[in-house]
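Working notes, structure below.
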Amino acid sequence: MWARDFGATDRSSAVKTEIERLVSLAPGEIRILWRKRFRKDVPRALTIQLLVRMLAWKVQEEAFGGHDVATLKLLDACGRQDADKVVLFRRLKSGTSVVREYQGVRHIVTITEDGFVWQGKSFDSLSAIAREITGSRWNGPRFFGLRTGDRAGSARKAS
């Protein structure tokens, strides 16, 4: 719907106009638009105001793009209530390197927007890298010394 070849000003103006239109719609029209846009039934628990906000986000996302990979990972961790990963993602910025010496060999992992890089290969998690290094299952952040065994303690350290 939102062609990427519009100029930034044209696109911003079109998005603003569309959001203003959304706000002015009747509840029945909002529900119809929701079904068309998301191809799902309207969740019963959502208020009209929340539906409008979600539709407005969708308009903006289609016009300007969505969240970057790092933000999506953080939101996913928040949604799963994985406090350790939320703390880890807040602490580790793209470009940061973590180092661990294991059995006399130094292992350097670089944090990227998409995950982690070790020995030129990309990984989704530090745990996967720790498993490659040791041959056994490890909690990756613990293996690399980014958190202790105490959940509350590790959350306090990162704050």
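Scheme for the structure tokens: letters A, B, ... for chains in order shown; per-chain residue numbers from 1; ligand numbers from 1 in order shown.
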
* To do: Going by DSSP on the backbone, which bits of stretch 38-120 of chain A are helix (DSSP H, G or I)? Write them as a ChimeraX atom specification, please.
  => /A:38,48-64,69-79,83-91

* **Residue contacts of stretch 56-70 of chain A (6 Å, only C-alpha atoms) excluding same-chain residues fewer than 2 positions away, as a PyMOL selection string** => chain A and resi 2+19+53-54+72-73+113-114

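Straight-line separation from atom CA of A:Leu33 to atom CA of A:Leu55: 8.4 Å.
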
* Asked: Which distance in Å separates atom CA of A:Val23 and atom CA of A:Ile48, to one decimal?
  -> 9.8 Å

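The gap separating atom CA of A:Phe144 from atom CA of A:Ala130 is 8.0 Å, in Å to one decimal.
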
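You can rank A:Val98, A:Leu46, A:Lys121, A:Ile108 by their closest distance to A:Pro141 using only C-alpha atoms, and at the top of that list sits A:Val98.
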